[in-house]
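Peer 1: This is my_file10.txt (compact mmCIF, C-alpha atoms and all ligand atoms).
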```txt
# COMPACT_ATOMS: atom_id res chain seq x y z
CA MET A 15 16.40 -28.06 11.43
CA SER A 16 19.43 -25.80 11.11
CA ALA A 17 19.39 -22.46 9.36
CA LEU A 18 20.82 -22.17 5.87
CA PRO A 19 24.27 -20.56 5.68
CA GLY A 20 23.90 -16.81 5.81
CA SER A 21 20.17 -17.02 6.30
CA HIS A 22 18.06 -14.72 8.36
CA GLU A 23 15.41 -15.59 10.87
CA GLY A 24 12.85 -17.95 9.45
CA THR A 25 14.76 -19.09 6.41
CA ALA A 26 15.29 -22.53 7.88
CA VAL A 27 11.57 -23.02 7.55
CA THR A 28 11.00 -21.44 4.17
CA GLY A 29 14.35 -22.09 2.54
CA LEU A 30 14.23 -18.54 1.24
CA ASP A 31 17.58 -16.97 1.89
CA SER A 32 17.03 -13.88 -0.18
CA SER A 33 15.02 -14.48 -3.30
CA PRO A 34 12.95 -17.47 -4.23
CA VAL A 35 15.11 -18.08 -7.25
CA GLU A 36 18.66 -16.86 -7.53
CA ALA A 37 19.43 -15.54 -10.99
CA SER A 38 22.74 -16.39 -12.58
CA PRO A 39 25.70 -14.05 -11.88
CA GLU A 40 25.56 -12.90 -15.51
CA VAL A 41 21.93 -11.86 -15.16
CA LEU A 42 22.51 -10.20 -11.81
CA ALA A 43 25.35 -8.19 -13.31
CA THR A 44 23.00 -6.69 -15.91
CA LEU A 45 20.25 -5.59 -13.52
CA PRO A 46 19.72 -1.87 -13.12
CA PRO A 47 20.52 -0.91 -9.53
CA LEU A 48 17.96 0.10 -6.95
CA THR A 49 18.97 3.70 -6.47
CA GLU A 50 18.39 6.48 -3.98
CA GLN A 51 15.43 7.50 -6.10
CA THR A 52 13.98 4.00 -5.75
CA GLU A 53 14.35 4.28 -2.00
CA ALA A 54 12.74 7.73 -1.99
CA GLU A 55 9.80 6.32 -3.94
CA ALA A 56 9.59 3.37 -1.55
CA ARG A 57 9.34 5.79 1.34
CA GLU A 58 6.64 7.67 -0.55
CA ILE A 59 4.70 4.41 -0.80
CA ILE A 60 5.20 3.70 2.91
CA ALA A 61 3.82 7.12 3.79
CA ARG A 62 0.50 6.10 2.27
CA TYR A 63 -0.14 3.49 4.96
CA PRO A 64 -0.66 3.58 8.73
CA GLN A 65 1.73 0.61 9.13
CA PRO A 66 4.96 0.49 7.10
CA ARG A 67 4.69 -3.23 6.38
CA SER A 68 1.39 -2.62 4.57
CA ALA A 69 3.49 -1.06 1.81
CA LEU A 70 5.16 -4.34 0.90
CA LEU A 71 2.95 -5.26 -2.06
CA PRO A 72 3.38 -1.99 -3.98
CA MET A 73 7.06 -1.95 -3.03
CA LEU A 74 7.49 -5.33 -4.70
CA HIS A 75 5.91 -3.87 -7.84
CA LEU A 76 8.32 -0.96 -7.55
CA VAL A 77 11.25 -3.38 -7.44
CA GLN A 78 9.87 -5.13 -10.53
CA SER A 79 9.53 -1.81 -12.31
CA VAL A 80 13.26 -1.30 -11.96
CA GLN A 81 14.69 -4.80 -12.24
CA GLY A 82 11.96 -6.73 -14.05
CA TYR A 83 11.42 -9.22 -11.23
CA VAL A 84 11.71 -9.61 -7.48
CA SER A 85 15.46 -9.93 -7.35
CA PRO A 86 17.54 -10.96 -4.34
CA GLU A 87 18.56 -7.31 -4.06
CA GLY A 88 14.90 -6.30 -4.19
CA VAL A 89 13.97 -8.72 -1.41
CA GLY A 90 16.75 -7.30 0.76
CA PHE A 91 15.73 -3.75 -0.16
CA CYS A 92 12.13 -4.27 0.97
CA ALA A 93 13.21 -6.14 4.10
CA ARG A 94 15.67 -3.44 5.14
CA ILE A 95 13.31 -0.51 4.63
CA LEU A 96 10.30 -2.20 6.20
CA GLY A 97 12.12 -3.88 9.08
CA LEU A 98 11.06 -7.34 7.92
CA THR A 99 13.12 -10.49 7.48
CA ARG A 100 14.06 -11.57 3.99
CA ALA A 101 12.07 -14.72 4.63
CA GLU A 102 8.96 -12.67 5.32
CA VAL A 103 9.39 -10.71 2.10
CA GLY A 104 10.13 -13.90 0.17
CA ALA A 105 7.05 -15.59 1.62
CA VAL A 106 4.83 -12.78 0.33
CA SER A 107 6.49 -12.46 -3.05
CA THR A 108 6.20 -16.19 -3.74
CA PHE A 109 2.52 -16.26 -2.80
CA TYR A 110 1.34 -14.01 -5.62
CA THR A 111 1.88 -14.90 -9.26
CA MET A 112 2.20 -11.25 -10.27
CA TYR A 113 5.60 -11.19 -8.55
CA LYS A 114 8.09 -12.79 -10.88
CA ARG A 115 10.93 -15.03 -9.83
CA HIS A 116 12.96 -14.59 -12.99
CA PRO A 117 13.78 -11.46 -14.98
CA SER A 118 10.78 -10.86 -17.23
CA GLY A 119 10.86 -10.08 -20.90
CA ARG A 120 9.92 -6.64 -22.20
CA HIS A 121 6.31 -7.81 -22.29
CA LEU A 122 4.42 -10.38 -20.24
CA VAL A 123 1.98 -12.34 -22.39
CA SER A 124 -0.64 -14.17 -20.32
CA VAL A 125 -2.92 -16.65 -22.05
CA CYS A 126 -6.02 -17.65 -20.13
CA THR A 127 -6.32 -21.42 -20.17
CA ASN A 128 -9.06 -21.59 -17.57
CA THR A 129 -12.29 -23.36 -18.37
CA LEU A 130 -14.24 -21.02 -20.63
CA CYS A 131 -11.22 -19.72 -22.51
CA ALA A 132 -9.79 -23.22 -22.81
CA VAL A 133 -12.89 -24.68 -24.44
CA LEU A 134 -13.04 -21.74 -26.85
CA GLY A 135 -9.42 -22.13 -27.91
CA GLY A 136 -7.25 -20.69 -25.13
CA GLN A 137 -5.18 -23.83 -24.83
CA ARG A 138 -4.60 -23.91 -28.60
CA ILE A 139 -3.43 -20.30 -28.43
CA TYR A 140 -1.04 -21.07 -25.60
CA ASP A 141 0.34 -24.14 -27.36
CA ALA A 142 0.89 -22.20 -30.59
CA LEU A 143 2.67 -19.30 -28.89
CA SER A 144 4.74 -21.70 -26.81
CA ALA A 145 5.88 -23.48 -29.98
CA ASP A 146 6.59 -20.22 -31.84
CA LEU A 147 8.59 -18.71 -28.99
CA GLY A 148 10.29 -21.95 -28.01
CA VAL A 149 9.41 -21.44 -24.36
CA GLY A 150 7.07 -22.89 -21.77
CA HIS A 151 5.19 -21.38 -18.87
CA ASP A 152 7.00 -18.54 -17.10
CA GLN A 153 9.83 -18.58 -19.58
CA THR A 154 11.23 -15.78 -21.71
CA ALA A 155 11.98 -15.89 -25.43
CA ALA A 156 15.67 -15.89 -26.28
CA ASP A 157 15.46 -12.32 -27.64
CA GLY A 158 14.07 -11.08 -24.31
CA SER A 159 10.97 -9.67 -25.98
CA VAL A 160 8.26 -11.76 -24.37
CA THR A 161 7.67 -13.84 -21.27
CA LEU A 162 4.86 -16.34 -21.77
CA GLU A 163 2.60 -17.67 -19.05
CA HIS A 164 -0.54 -19.69 -18.55
CA ALA A 165 -3.07 -17.63 -16.64
CA GLU A 166 -6.02 -18.56 -14.53
CA CYS A 167 -9.34 -16.81 -15.22
CA LEU A 168 -8.59 -13.19 -16.12
CA ALA A 169 -12.10 -12.07 -15.16
CA ALA A 170 -13.02 -11.44 -18.78
CA CYS A 171 -14.90 -14.64 -19.59
CA ASP A 172 -17.42 -12.71 -21.73
CA TYR A 173 -14.54 -11.99 -24.11
CA ALA A 174 -13.09 -15.50 -24.16
CA PRO A 175 -10.59 -16.57 -25.23
CA VAL A 176 -8.59 -13.77 -23.69
CA VAL A 177 -4.92 -12.85 -23.82
CA THR A 178 -3.38 -10.04 -21.80
CA VAL A 179 -0.12 -8.26 -22.47
CA ASP A 180 1.25 -6.52 -19.39
CA TYR A 181 -2.25 -6.96 -17.93
CA GLU A 182 -3.98 -5.10 -20.80
CA PHE A 183 -6.75 -7.01 -22.53
CA TYR A 184 -6.78 -8.45 -26.03
CA ASP A 185 -10.21 -9.97 -26.29
CA GLN A 186 -11.69 -12.80 -28.32
CA GLN A 187 -8.41 -14.03 -29.67
CA ASP A 188 -7.72 -17.02 -31.86
CA VAL A 189 -4.45 -18.68 -32.78
CA GLU A 190 -3.74 -16.42 -35.74
CA SER A 191 -4.65 -13.13 -34.05
CA ALA A 192 -2.56 -14.06 -31.00
CA ARG A 193 0.35 -14.92 -33.27
CA ARG A 194 0.06 -11.55 -35.02
CA LEU A 195 -0.04 -9.83 -31.65
CA VAL A 196 3.10 -11.54 -30.39
CA ASP A 197 4.92 -11.01 -33.68
CA ALA A 198 4.18 -7.28 -33.40
CA LEU A 199 5.46 -7.20 -29.83
CA ARG A 200 8.68 -8.88 -30.93
CA ARG A 201 9.13 -6.22 -33.62
CA GLY A 202 8.90 -3.58 -30.90
CA GLU A 203 5.36 -2.47 -31.75
CA LYS A 204 2.63 -1.89 -29.19
CA PRO A 205 -0.73 -2.90 -30.68
CA ALA A 206 -3.67 -1.15 -29.03
CA PRO A 207 -5.48 -3.30 -26.48
CA THR A 208 -9.16 -4.01 -27.08
CA ARG A 209 -10.09 -1.87 -24.08
CA GLY A 210 -8.40 -0.05 -21.25
CA ALA A 211 -5.19 1.93 -21.26
CA PRO A 212 -2.62 1.89 -24.09
CA LEU A 213 0.06 -0.78 -23.89
CA THR A 214 3.39 0.15 -22.31
CA ASP A 215 5.61 -2.68 -21.11
CA PHE A 216 6.04 -4.92 -18.09
CA ARG A 217 8.22 -2.50 -16.18
CA GLY A 218 5.87 0.35 -16.97
CA ILE A 219 2.80 -1.43 -15.72
CA SER A 220 4.74 -2.53 -12.64
CA ARG A 221 5.42 1.12 -11.90
CA GLN A 222 1.74 1.85 -12.32
CA LEU A 223 0.90 -0.97 -9.91
CA ALA A 224 3.32 0.55 -7.42
CA GLY A 225 1.14 3.63 -7.52
CA PHE A 226 3.19 5.89 -9.78
CA SER A 227 2.22 7.10 -13.20
CA GLN A 228 3.99 5.31 -16.01
CA HIS A 229 3.01 7.99 -18.51
CA ALA A 230 5.14 10.82 -19.74
CA ASP A 231 2.68 13.60 -18.98
CA ALA A 232 -0.72 14.37 -17.55
CA ALA A 233 -2.43 14.23 -20.96
CA ALA A 234 -1.14 10.71 -21.62
CA GLU A 235 -2.21 9.69 -18.15
CA ARG A 236 -5.70 11.12 -18.70
CA ALA A 237 -5.99 9.32 -22.04
CA ALA A 238 -5.09 6.05 -20.37
CA VAL A 239 -7.70 6.51 -17.68
CA ASP A 240 -10.30 7.42 -20.28
CA GLY A 241 -9.49 4.46 -22.51
CA PRO A 242 -12.39 2.35 -23.76
CA GLY A 243 -13.89 0.45 -20.86
CA VAL A 244 -16.83 -1.89 -21.07
CA GLY A 245 -17.45 -3.67 -24.37
CA GLU A 246 -20.51 -5.06 -26.05
CA PRO A 247 -20.33 -8.63 -24.68
CA THR A 248 -20.48 -7.29 -21.14
CA LEU A 249 -23.65 -5.35 -21.93
CA VAL A 250 -25.53 -8.14 -23.72
CA GLY A 251 -26.99 -9.58 -20.53
CA VAL A 252 -28.06 -6.17 -19.28
CA ARG A 253 -29.78 -5.37 -22.59
CA LEU A 254 -31.59 -8.71 -22.71
CA ALA A 255 -32.81 -8.22 -19.15
CA ALA A 256 -34.06 -4.73 -20.01
CA GLU A 257 -35.90 -6.01 -23.10
CA ARG A 258 -37.58 -8.71 -21.07
CA GLY A 259 -38.37 -6.46 -18.14
CA GLU A 260 -36.27 -8.60 -15.85
CA SER A 261 -34.53 -7.34 -12.79
CA ALA A 262 -32.55 -8.87 -9.99
CA PRO A 263 -34.51 -9.77 -6.88
CA PRO A 264 -34.07 -7.34 -4.00
CA ILE A 265 -31.35 -8.20 -1.57
CA GLU A 266 -32.91 -9.33 1.67
CA GLU A 267 -31.09 -9.38 4.92
CA THR A 268 -30.67 -12.94 6.16
CA PRO A 269 -32.07 -13.29 9.65
CA ARG A 270 -29.44 -14.23 12.19
CA SER A 271 -29.65 -17.77 13.50
CA PRO A 272 -30.10 -18.13 17.24
CA HIS A 273 -27.13 -19.23 19.30
CA PRO A 274 -27.28 -23.01 20.06
CA SER A 275 -27.76 -22.25 23.74
CA GLN A 276 -30.95 -20.40 22.81
CA THR A 277 -32.40 -23.42 21.03
CA ARG A 278 -31.21 -26.12 23.43
CA SER A 279 -34.13 -27.70 25.22
CA GLY A 280 -34.36 -29.01 28.77
CA PRO A 281 -34.95 -27.55 32.18
CA ARG A 282 -32.61 -24.72 33.19
CA ASP A 283 -31.10 -24.37 36.63
CA VAL A 284 -30.86 -21.17 38.62
CA ALA A 285 -27.85 -20.14 36.52
CA GLY A 286 -29.93 -20.60 33.37
CA GLN A 287 -27.99 -23.70 32.28
CA THR A 288 -29.50 -26.77 30.69
CA PRO A 289 -28.22 -30.32 31.43
CA ALA A 290 -26.16 -30.07 28.20
CA ASP A 291 -24.54 -26.87 29.40
CA ARG A 292 -23.60 -28.50 32.70
CA ALA A 293 -22.21 -31.60 30.95
CA GLY A 294 -20.09 -29.39 28.71
CA ASN A 295 -18.75 -27.45 31.67
CA ALA A 296 -17.88 -30.71 33.44
CA SER A 297 -15.93 -32.00 30.40
CA LEU A 298 -14.02 -28.73 30.18
CA ALA A 299 -13.16 -28.79 33.89
CA ALA A 300 -12.01 -32.43 33.76
CA ALA A 301 -9.68 -31.96 30.77
CA ASP A 302 -5.99 -32.18 31.73
CA THR A 303 -3.99 -31.31 28.67
CA PRO A 304 -4.39 -28.30 26.36
CA ALA A 305 -5.48 -30.67 23.58
CA GLU A 306 -8.15 -32.19 25.79
CA LYS A 307 -9.31 -28.74 26.82
CA ALA A 308 -9.56 -27.75 23.17
CA GLY A 309 -11.62 -30.84 22.43
CA ALA A 310 -13.89 -30.29 25.40
CA ALA A 311 -14.36 -26.67 24.43
CA GLN A 312 -15.38 -27.81 20.95
CA VAL A 313 -17.93 -30.20 22.42
CA HIS A 314 -19.10 -27.52 24.79
CA THR A 315 -21.00 -25.48 22.28
CA ASP A 316 -21.87 -22.83 24.80
CA ALA A 317 -18.24 -21.79 25.25
CA PRO A 318 -17.76 -18.04 25.01
CA GLU A 319 -17.01 -16.69 21.56
CA PRO A 320 -13.64 -15.08 20.87
CA ALA A 321 -13.63 -11.32 21.25
CA GLY A 322 -15.13 -9.48 18.33
CA ARG A 323 -16.96 -12.50 16.95
CA GLN A 324 -20.69 -12.87 17.04
CA PRO A 325 -22.25 -16.26 17.81
CA ALA A 326 -24.31 -16.19 14.62
CA GLU A 327 -21.10 -16.00 12.56
CA ARG A 328 -20.45 -19.63 13.32
CA GLY A 329 -23.18 -20.52 10.84
CA SER A 330 -20.69 -20.15 8.00
CA GLU A 331 -18.57 -22.93 9.43
CA GLY A 332 -21.29 -25.49 8.80
CA THR A 333 -21.77 -26.29 12.45
CA GLU A 334 -24.66 -23.99 13.14
CA THR A 335 -27.87 -25.56 14.33
CA PRO A 336 -30.71 -24.68 11.99
CA PRO A 337 -33.40 -22.51 13.54
CA ASN A 338 -36.24 -24.42 15.20
CA LYS A 339 -34.16 -27.56 15.47
CA SER A 340 -32.49 -28.85 18.59
CA PRO A 341 -28.85 -29.81 18.39
CA GLY A 342 -28.56 -33.53 18.03
CA ALA A 343 -32.05 -33.99 16.67
CA SER A 344 -30.61 -35.23 13.40
CA GLY A 345 -28.45 -37.77 15.15
CA GLN A 346 -25.35 -35.73 14.27
CA GLY A 347 -25.07 -33.76 17.50
CA THR A 348 -22.18 -34.04 19.91
CA SER A 349 -21.94 -37.01 22.24
CA VAL A 350 -22.77 -34.73 25.16
CA GLU A 351 -25.90 -33.52 23.45
CA ARG A 352 -26.99 -37.01 22.46
CA GLU A 353 -26.91 -38.06 26.08
CA VAL A 354 -29.45 -35.38 26.99
S1 LIG B 401 -11.95 -18.31 -18.20
FE1 LIG B 401 -10.64 -16.98 -19.33
S2 LIG B 401 -11.20 -15.01 -18.61
FE2 LIG B 401 -12.43 -16.32 -17.42
```
Show me the file's structure as structure tokens.

Peer 2:
Amino acid sequence: MSALPGSHEGTAVTGLDSSPVEASPEVLATLPPLTEQTEAEAREIIARYPQPRSALLPMLHLVQSVQGYVSPEGVGFCARILGLTRAEVGAVSTFYTMYKRHPSGRHLVSVCTNTLCAVLGGQRIYDALSADLGVGHDQTAADGSVTLEHAECLAACDYAPVVTVDYEFYDQQDVESARRLVDALRRGEKPAPTRGAPLTDFRGISRQLAGFSQHADAAAERAAVDGPGVGEPTLVGVRLAAERGESAPPIEETPRSPHPSQTRSGPRDVAGQTPADRAGNASLAAADTPAEKAGAAQVHTDAPEPAGRQPAERGSEGTETPPNKSPGASGQGTSVEREV
């Protein structure tokens, strides 16, 4: 596969020359520039981490706070300062839905259409707003006021159906309340969220996510931090449990399963190996190609664990032998073990 014209290392694989989606020349011409101050703030972010590349995620939010999305210029900006390829930056920015591929509206309206919200009306809310705004998922109203998106579970199921604006919560919405909310946003108003910090706008919250205050002064910042937090629906379960005298069972430490070699039966030789161990070693020694060696090593369950990994951790992979049960006893053991 040949590289795309003008591409950097890796773009032949990802197809990402600079930004996942190139905006039109007209849009690019209207973007605020990434200035020396933006670069100074990027370097401030980098200084927070032991490795510069760890700063990429907040730097992408910083780019969004200036330009409203992860622009081609923003991808190049992050790549240059962090010493990454544009493809690497593009690969990260396209993985997370909070990084936008098109210039966002003044506000980002996210409607949860995941299971609980959907059955309680989330899909109806989304459909109504989509019709009113004349846009679909990840599209911006013609007046630039609002970008609409479907959202997966917003971790507020106890307040379903939930809508967020710039990631601030508007709980227990219905079609009419969501319509009123969006109408207010389009008029330039900022209705108070149900809980959390006061509403700003998409660029403001992006700045906050980059680790900088979006508020004008310390008092406003303090008020945002001290905004209403938990609401009644979240406390209902706790109250019911208290009334009934219920409590969660204590957390018990799960005993570690023995390594398969500790449960394998059969006489051991002077090296402490069972017949299964010796058969596994023989398969590994006889393998010619790397693929065969990999297969033999898989069969040979007594192969050494990679550095830093404990034998008992393999239990999570579903291949662990239950305690007090020999490998192969269920008829599902390896061919080597079944021969024993
Ligand atoms: S399903 Fe909507 S917040 Fe969880």

Peer 1: Using only C-alpha atoms, which of A:Ser191, A:Gln228, A:Ser79, A:Thr154 sits nearest A:Leu213?

Peer 2: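 That would be A:Gln228, the residue with the smallest distance to A:Leu213.
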
Peer 1: Could you put an axis-aligned box around every listed atom of ligand LIG 401 (chain B), padded by 3 Å on each side, and send me its centre and edge lengths in Å to one decimal, as JSON?

Peer 2:
```
{"center_x": -11.5, "center_y": -16.7, "center_z": -18.4, "size_x": 7.8, "size_y": 9.3, "size_z": 7.9}
```

Peer 1: Hey, could you make a per-residue contact list for chain A against ligand LIG 401 (chain B) with 9 Å as the cut-off, showing the nearest pair of atoms and its distance in Å to one decimal, counting only C-alpha atoms and all ligand atoms, sorted by chain and number, as a tab-separated table?

Peer 2:
```
residue	atom	partner	partner_atom	distance
A:Val125	CA	B:LIG401	FE1	8.2
A:Cys126	CA	B:LIG401	FE1	4.7
A:Thr127	CA	B:LIG401	FE1	6.3
A:Asn128	CA	B:LIG401	S1	4.4
A:Thr129	CA	B:LIG401	S1	5.1
A:Leu130	CA	B:LIG401	S1	4.3
A:Cys131	CA	B:LIG401	FE1	4.2
A:Ala132	CA	B:LIG401	S1	7.1
A:Val133	CA	B:LIG401	S1	9.0
A:Gly136	CA	B:LIG401	FE1	7.7
A:Ala165	CA	B:LIG401	FE1	8.1
A:Glu166	CA	B:LIG401	FE1	6.8
A:Cys167	CA	B:LIG401	FE2	3.8
A:Leu168	CA	B:LIG401	S2	4.0
A:Ala169	CA	B:LIG401	S2	4.6
A:Ala170	CA	B:LIG401	S2	4.0
A:Cys171	CA	B:LIG401	FE2	3.7
A:Asp172	CA	B:LIG401	S2	7.3
A:Tyr173	CA	B:LIG401	S2	7.1
A:Ala174	CA	B:LIG401	FE1	5.6
A:Pro175	CA	B:LIG401	FE1	5.9
A:Val176	CA	B:LIG401	FE1	5.8
A:Val177	CA	B:LIG401	FE1	8.4
```

Peer 1: Of the residues A:Leu70, A:Leu76, A:Ala192, A:Val123, which is the one nearest to A:Glu102, using all atoms listed in the file?

Peer 2: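 When distances to A:Glu102 are compared using all atoms listed in the file, the smallest one comes from A:Leu70.
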
Peer 1: Pick out the closest residue to A:Arg221 from this set: A:Ala256, A:Leu74, A:Leu134, A:Val89. Count only C-alpha atoms.

Peer 2: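 When distances to A:Arg221 are compared using only C-alpha atoms, the smallest one comes from A:Leu74.
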
Peer 1: Near A:Leu45, within 9 Å and counting all atoms listed in the file, which residues show up once chain neighbours fewer than 6 positions away are dropped, as an MDAnalysis selection string?

Peer 2: chainID A and resid 80:82 85 117

Peer 1: With C-alpha atoms retained, write the just-selected residues as a PDB file, keeping the file's coordinate frame.

Peer 2:
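again-v1.pdb written:
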```pdb
ATOM      1  CA  VAL A  80      13.260  -1.300 -11.960  1.00  0.00           C
ATOM      2  CA  GLN A  81      14.690  -4.800 -12.240  1.00  0.00           C
ATOM      3  CA  GLY A  82      11.960  -6.730 -14.050  1.00  0.00           C
ATOM      4  CA  SER A  85      15.460  -9.930  -7.350  1.00  0.00           C
ATOM      5  CA  PRO A 117      13.780 -11.460 -14.980  1.00  0.00           C
TER       6      PRO A 117
END
```

Peer 1: With all atoms listed in the file as the basis for distance, which of A:Ala101, A:Phe183, A:Gln137, A:His121 is at the shortest distance from A:Arg201?

Peer 2: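 Result for the nearest residue to A:Arg201: A:His121.
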
Peer 1: What does the structure give for the distance between atom CA of A:Ala238 and atom CA of A:Glu182, in Å to one decimal?

Peer 2: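 Interatomic distance here is 11.2 Å.
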
Peer 1: Please, what distance in Å, to one decimal, runs between atom CA of A:Ser68 and atom CA of A:Glu55?

Peer 2: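 These atoms are spaced 14.9 Å apart.
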